[in-house]
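These notes concern the structure reproduced below.
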Amino acid sequence: MDSSPGTKLRFFRGITYAILWYFSIWTGFLFVCCPLWIFILLFPKKFLPVMSVAFSIWEMYPVALMNLIFGTKIRITGDRINAKEISVIITNHRTRIDWNFMWAAMYYACQPQTHRLKIALKAPLRHMPSLGWVMQVANCIYLQRKWENDRITMKKQMEFFHDIGLEFQILLFPEGTDLTKNSLDKSNEFAKKNNLPPYTQVLHPRTTGFTFLVDTMRSKKLNINAIYDVTLAYSGYMPQTETDVIRGNFPKTVHFHINRYPIESLPKDQDDLKSWINERWKEKENRLIEFHKHDCFPSTSYYTSEMDNSLYLAFIVWTVLEFLMFYFFITSSFFFWWTVLHTVLFVGISYATLGFQNLTVSVFEYFHNTKKSH
């Protein structure tokens with residue numbers, strides 16, 4: 001094992017980042033989610049908008065951490081994201097931790113910055129202590145990879161967002177998994193069987209979920225405004241897994257190229273819609289090949305992230321709250337049992353049900369239907 005000073009410093013930074021990042025989620029869970037979740041029974045229509053604001057405030061913390069600890073920059077090219085639009089955001093899935101950098105992209109690319117991003121995730125991730133539970137409370141969309149179940153889940157969640165008046169964005173990774181040698185081989189094997197070109201930079205997108213999502217959201221009720229196609233790439237080191245982060249192997253710059261497509265520009269026919277997203281991924285493959293030649297996306301309009309007062313404030317507030325959480329856990333029997341009770345509760349919810357996000361929808365539907373019947 002390399003014991004050079006540079007390696008030790010990277011490891012120290014990685015451990016510091018991972019600890020602060022992870023325990024900030026425990027802090028948000030215990031100080032924000034747990035006191036507020038009971039209000040779903042009292043104010044079911046207001047609960048998620050409040051939680052969405054709280055979650056977007058927390059999202060600034062990992063952005064501040066990666067900037068202060070590693071000096072990582074975010075470079076955005078192309079279009080800005082209108083946070084007032086109902087939209088679907090699609091992106092390539094280069095590593096297992098792309099979603100962590102997407103929060104930074106949303107912070108810098110959104111106008112205004114108060115977005116309501118909901119991530120489509122694999123269902124087993126809801127069991128992750130604190131992180132999986134917080135994302136349940138924030139009503140992220142957990143998919144079981146069983147299409148008959150997932151289509152019902154997606155439709156109910158999106159209609160729920162509409163019924164409570166939430167302006168939301170859904171982040172979808174159409175490739176389904178991150179790019180590795182094994183996943184790339186499987187993707188190109190699929191491509192060969194279906195007369196599609198082989199790729200080296202991306203995996204072929206899974207089109208069924210995307211087409212269903214778009215068709216459902218562009219109904220008159222949901223009224224989607226746009227699709228944002230994001231191409232993600234890394235300069236310097238590319239952290240493939242969480243272990244890379246702990247070792248302090250972080251990118252120098254994370255690049256995002258964004259193209260906005262008004263919903264009116266997308267084809268209506270499902271087969272044509274599948275061809276549309278396949279064409280976007282063909283463009284993405286070529287764009288990434290060019291990126292690796294020049295280490296940037298060519299564009300006349302770009303901007304690079306900087307630390308601002310909001311990020312400094314987020315860093316100070318969440319770090320102080322983390323220390324308070326540990327202090328209360330050690331010194332307060334009430335807070336100790338508060339932690340134990342809600343840990344047991346959310347473990348039970350995660351394994352005995354499809355997640356707190358489904359309970360939120362069910363409670364709202366119950367009160368909504370009861371009110372209509374009267």
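Ordered as shown in the structure tokens, chains take letters A, B, and onward, while each chain numbers its residues from 1 and ligands are numbered from 1 in the order shown.
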Surrounding residues of region 57-63 of chain A excluding itself and chain neighbours under 4 positions, 8 Å, only C-alpha atoms, as an NGL selection string | :A and (21 or 28 or 53 or 67 or 100-101 or 103-104 or 107 or 310-311 or 314-315 or 318)
Print the selection's residues with N, CA and C atoms to a file, as a PDB file, in the first residue's frame.
ATOM      1  N   TRP A  21     -20.274  13.940   5.224  1.00  0.00           N
ATOM      2  CA  TRP A  21     -21.381  13.729   4.288  1.00  0.00           C
ATOM      3  C   TRP A  21     -22.412  12.779   4.875  1.00  0.00           C
ATOM      4  N   GLY A  28     -30.005  15.296   9.266  1.00  0.00           N
ATOM      5  CA  GLY A  28     -31.242  15.681   8.611  1.00  0.00           C
ATOM      6  C   GLY A  28     -32.375  14.732   8.944  1.00  0.00           C
ATOM      7  N   VAL A  53     -38.231  21.383   0.253  1.00  0.00           N
ATOM      8  CA  VAL A  53     -37.403  22.558   0.560  1.00  0.00           C
ATOM      9  C   VAL A  53     -36.266  22.164   1.497  1.00  0.00           C
ATOM     10  N   ASN A  67     -16.171  21.106  -2.695  1.00  0.00           N
ATOM     11  CA  ASN A  67     -15.414  22.297  -3.062  1.00  0.00           C
ATOM     12  C   ASN A  67     -14.337  22.616  -2.032  1.00  0.00           C
ATOM     13  N   ASN A 100     -24.410  11.844  -6.758  1.00  0.00           N
ATOM     14  CA  ASN A 100     -23.861  12.781  -5.775  1.00  0.00           C
ATOM     15  C   ASN A 100     -23.411  14.083  -6.444  1.00  0.00           C
ATOM     16  N   PHE A 101     -22.877  13.979  -7.648  1.00  0.00           N
ATOM     17  CA  PHE A 101     -22.448  15.166  -8.389  1.00  0.00           C
ATOM     18  C   PHE A 101     -23.629  15.862  -9.076  1.00  0.00           C
ATOM     19  N   TRP A 103     -26.351  16.664  -7.691  1.00  0.00           N
ATOM     20  CA  TRP A 103     -26.840  17.713  -6.794  1.00  0.00           C
ATOM     21  C   TRP A 103     -26.090  19.021  -7.042  1.00  0.00           C
ATOM     22  N   ALA A 104     -24.785  18.907  -7.297  1.00  0.00           N
ATOM     23  CA  ALA A 104     -23.997  20.097  -7.604  1.00  0.00           C
ATOM     24  C   ALA A 104     -24.421  20.695  -8.945  1.00  0.00           C
ATOM     25  N   TYR A 107     -27.576  22.569  -8.437  1.00  0.00           N
ATOM     26  CA  TYR A 107     -27.380  23.817  -7.695  1.00  0.00           C
ATOM     27  C   TYR A 107     -26.886  24.930  -8.617  1.00  0.00           C
ATOM     28  N   SER A 310     -24.145  31.235   0.300  1.00  0.00           N
ATOM     29  CA  SER A 310     -25.115  30.199   0.657  1.00  0.00           C
ATOM     30  C   SER A 310     -24.415  28.878   0.965  1.00  0.00           C
ATOM     31  N   LEU A 311     -23.386  28.547   0.180  1.00  0.00           N
ATOM     32  CA  LEU A 311     -22.661  27.303   0.412  1.00  0.00           C
ATOM     33  C   LEU A 311     -21.839  27.363   1.694  1.00  0.00           C
ATOM     34  N   ALA A 314     -24.318  26.909   4.448  1.00  0.00           N
ATOM     35  CA  ALA A 314     -24.745  25.506   4.535  1.00  0.00           C
ATOM     36  C   ALA A 314     -23.676  24.654   5.209  1.00  0.00           C
ATOM     37  N   PHE A 315     -22.409  24.903   4.850  1.00  0.00           N
ATOM     38  CA  PHE A 315     -21.312  24.148   5.468  1.00  0.00           C
ATOM     39  C   PHE A 315     -21.280  24.371   6.980  1.00  0.00           C
ATOM     40  N   TRP A 318     -24.744  22.866   8.796  1.00  0.00           N
ATOM     41  CA  TRP A 318     -24.864  21.415   8.866  1.00  0.00           C
ATOM     42  C   TRP A 318     -23.742  20.787   9.681  1.00  0.00           C
TER      43      TRP A 318
END
Quick one: DSSP alpha helix (DSSP H) residues in region 176-344 of chain A, as number ranges by chain?
-> A: 181-193, 207-217, 242-246, 270-294, 309-331, 333-344
Which neighbours of Leu321 (chain A) fall inside 7 Å, counting only C-alpha atoms, when residues of the same chain fewer than 4 positions from it are skipped, and could you give them as a list in words?
-> Thr27, Val317 and Met325 of chain A
Enumerate as a list in words all residues of region 205-366 of chain A assigned to strand (DSSP E or B) by DSSP on the backbone, naming them with the chain letters and numbers the document uses.
-> Ala226, Ile227, Tyr228, Asp229, Val230, Thr231, Leu232, Ala233, Tyr234, Ser235, Gly236, Pro251, Lys252, Thr253, Val254, His255, Phe256, His257, Ile258, Asn259, Arg260, Tyr261, Pro262, Tyr302, Tyr303 and Thr304 of chain A
Region 181-185 of chain A: which residues within 8 Å, counting only C-alpha atoms, same-chain residues fewer than 5 positions away excluded, as a PyMOL selection string?
-> chain A and resi 199-200+202-203
Using only C-alpha atoms, the residue out of A:Leu172, A:Ile74, A:Ala226, A:Ile25 with shortest distance to Leu143 (chain A) is A:Leu172
Might you pull out every residue within 10 Å of Asn249 (chain A), with only C-alpha atoms counted and same-chain residues fewer than 2 positions away left off, and present them as a PDB file with N, CA, C and O atoms, in the first residue's frame?
ATOM      1  N   THR A   7      -0.635  10.390  -0.642  1.00  0.00           N
ATOM      2  CA  THR A   7      -1.676   9.366  -0.490  1.00  0.00           C
ATOM      3  C   THR A   7      -2.355   9.488   0.856  1.00  0.00           C
ATOM      4  O   THR A   7      -3.588   9.378   0.963  1.00  0.00           O
ATOM      5  N   ARG A  10      -4.715  12.452   0.785  1.00  0.00           N
ATOM      6  CA  ARG A  10      -5.939  12.136   0.048  1.00  0.00           C
ATOM      7  C   ARG A  10      -6.871  11.263   0.892  1.00  0.00           C
ATOM      8  O   ARG A  10      -8.084  11.475   0.921  1.00  0.00           O
ATOM      9  N   PHE A  11      -6.277  10.285   1.574  1.00  0.00           N
ATOM     10  CA  PHE A  11      -7.078   9.397   2.416  1.00  0.00           C
ATOM     11  C   PHE A  11      -7.742  10.179   3.553  1.00  0.00           C
ATOM     12  O   PHE A  11      -8.918   9.964   3.863  1.00  0.00           O
ATOM     13  N   ARG A  13      -8.539  13.350   3.529  1.00  0.00           N
ATOM     14  CA  ARG A  13      -9.611  14.140   2.934  1.00  0.00           C
ATOM     15  C   ARG A  13     -10.824  13.273   2.619  1.00  0.00           C
ATOM     16  O   ARG A  13     -11.975  13.680   2.845  1.00  0.00           O
ATOM     17  N   GLY A  14     -10.555  12.083   2.085  1.00  0.00           N
ATOM     18  CA  GLY A  14     -11.651  11.183   1.730  1.00  0.00           C
ATOM     19  C   GLY A  14     -12.454  10.753   2.948  1.00  0.00           C
ATOM     20  O   GLY A  14     -13.691  10.758   2.920  1.00  0.00           O
ATOM     21  N   PHE A  70     -11.892  19.037  -1.472  1.00  0.00           N
ATOM     22  CA  PHE A  70     -11.141  18.548  -2.628  1.00  0.00           C
ATOM     23  C   PHE A  70     -10.848  19.625  -3.672  1.00  0.00           C
ATOM     24  O   PHE A  70     -10.038  19.404  -4.566  1.00  0.00           O
ATOM     25  N   GLY A 236      -9.524  14.557 -14.584  1.00  0.00           N
ATOM     26  CA  GLY A 236      -8.710  14.078 -13.481  1.00  0.00           C
ATOM     27  C   GLY A 236      -9.173  12.693 -13.092  1.00  0.00           C
ATOM     28  O   GLY A 236      -9.573  11.895 -13.939  1.00  0.00           O
ATOM     29  N   TYR A 237      -9.172  12.396 -11.809  1.00  0.00           N
ATOM     30  CA  TYR A 237      -9.567  11.063 -11.378  1.00  0.00           C
ATOM     31  C   TYR A 237     -11.084  10.895 -11.466  1.00  0.00           C
ATOM     32  O   TYR A 237     -11.833  11.814 -11.161  1.00  0.00           O
ATOM     33  N   MET A 238     -11.516   9.700 -11.861  1.00  0.00           N
ATOM     34  CA  MET A 238     -12.938   9.398 -11.930  1.00  0.00           C
ATOM     35  C   MET A 238     -13.279   8.365 -10.854  1.00  0.00           C
ATOM     36  O   MET A 238     -12.905   7.195 -10.961  1.00  0.00           O
ATOM     37  N   PRO A 239     -13.966   8.767  -9.785  1.00  0.00           N
ATOM     38  CA  PRO A 239     -14.312   7.816  -8.719  1.00  0.00           C
ATOM     39  C   PRO A 239     -15.429   6.888  -9.168  1.00  0.00           C
ATOM     40  O   PRO A 239     -16.574   7.307  -9.341  1.00  0.00           O
ATOM     41  N   GLN A 240     -15.110   5.617  -9.355  1.00  0.00           N
ATOM     42  CA  GLN A 240     -16.099   4.663  -9.856  1.00  0.00           C
ATOM     43  C   GLN A 240     -17.040   4.180  -8.764  1.00  0.00           C
ATOM     44  O   GLN A 240     -18.223   3.942  -8.991  1.00  0.00           O
ATOM     45  N   GLU A 242     -17.879   4.017  -4.130  1.00  0.00           N
ATOM     46  CA  GLU A 242     -17.771   4.713  -2.857  1.00  0.00           C
ATOM     47  C   GLU A 242     -16.388   4.540  -2.229  1.00  0.00           C
ATOM     48  O   GLU A 242     -15.912   5.428  -1.513  1.00  0.00           O
ATOM     49  N   THR A 243     -15.733   3.424  -2.484  1.00  0.00           N
ATOM     50  CA  THR A 243     -14.385   3.184  -1.954  1.00  0.00           C
ATOM     51  C   THR A 243     -13.398   4.220  -2.472  1.00  0.00           C
ATOM     52  O   THR A 243     -12.507   4.673  -1.737  1.00  0.00           O
ATOM     53  N   ASP A 244     -13.554   4.615  -3.719  1.00  0.00           N
ATOM     54  CA  ASP A 244     -12.679   5.643  -4.284  1.00  0.00           C
ATOM     55  C   ASP A 244     -12.823   6.961  -3.526  1.00  0.00           C
ATOM     56  O   ASP A 244     -11.838   7.673  -3.309  1.00  0.00           O
ATOM     57  N   VAL A 245     -14.054   7.284  -3.136  1.00  0.00           N
ATOM     58  CA  VAL A 245     -14.286   8.521  -2.382  1.00  0.00           C
ATOM     59  C   VAL A 245     -13.578   8.462  -1.046  1.00  0.00           C
ATOM     60  O   VAL A 245     -12.905   9.413  -0.627  1.00  0.00           O
ATOM     61  N   ILE A 246     -13.702   7.324  -0.333  1.00  0.00           N
ATOM     62  CA  ILE A 246     -13.064   7.163   0.972  1.00  0.00           C
ATOM     63  C   ILE A 246     -11.546   7.285   0.850  1.00  0.00           C
ATOM     64  O   ILE A 246     -10.873   7.829   1.735  1.00  0.00           O
ATOM     65  N   ARG A 247     -10.994   6.812  -0.250  1.00  0.00           N
ATOM     66  CA  ARG A 247      -9.546   6.916  -0.476  1.00  0.00           C
ATOM     67  C   ARG A 247      -9.122   8.318  -0.903  1.00  0.00           C
ATOM     68  O   ARG A 247      -7.934   8.591  -1.063  1.00  0.00           O
ATOM     69  N   PRO A 251     -12.478  13.769  -8.519  1.00  0.00           N
ATOM     70  CA  PRO A 251     -12.162  14.455  -9.782  1.00  0.00           C
ATOM     71  C   PRO A 251     -11.759  15.909  -9.560  1.00  0.00           C
ATOM     72  O   PRO A 251     -12.178  16.550  -8.596  1.00  0.00           O
ATOM     73  N   LYS A 252     -10.955  16.404 -10.478  1.00  0.00           N
ATOM     74  CA  LYS A 252     -10.591  17.824 -10.451  1.00  0.00           C
ATOM     75  C   LYS A 252     -11.776  18.672 -10.886  1.00  0.00           C
ATOM     76  O   LYS A 252     -12.086  19.694 -10.270  1.00  0.00           O
TER      77      LYS A 252
END
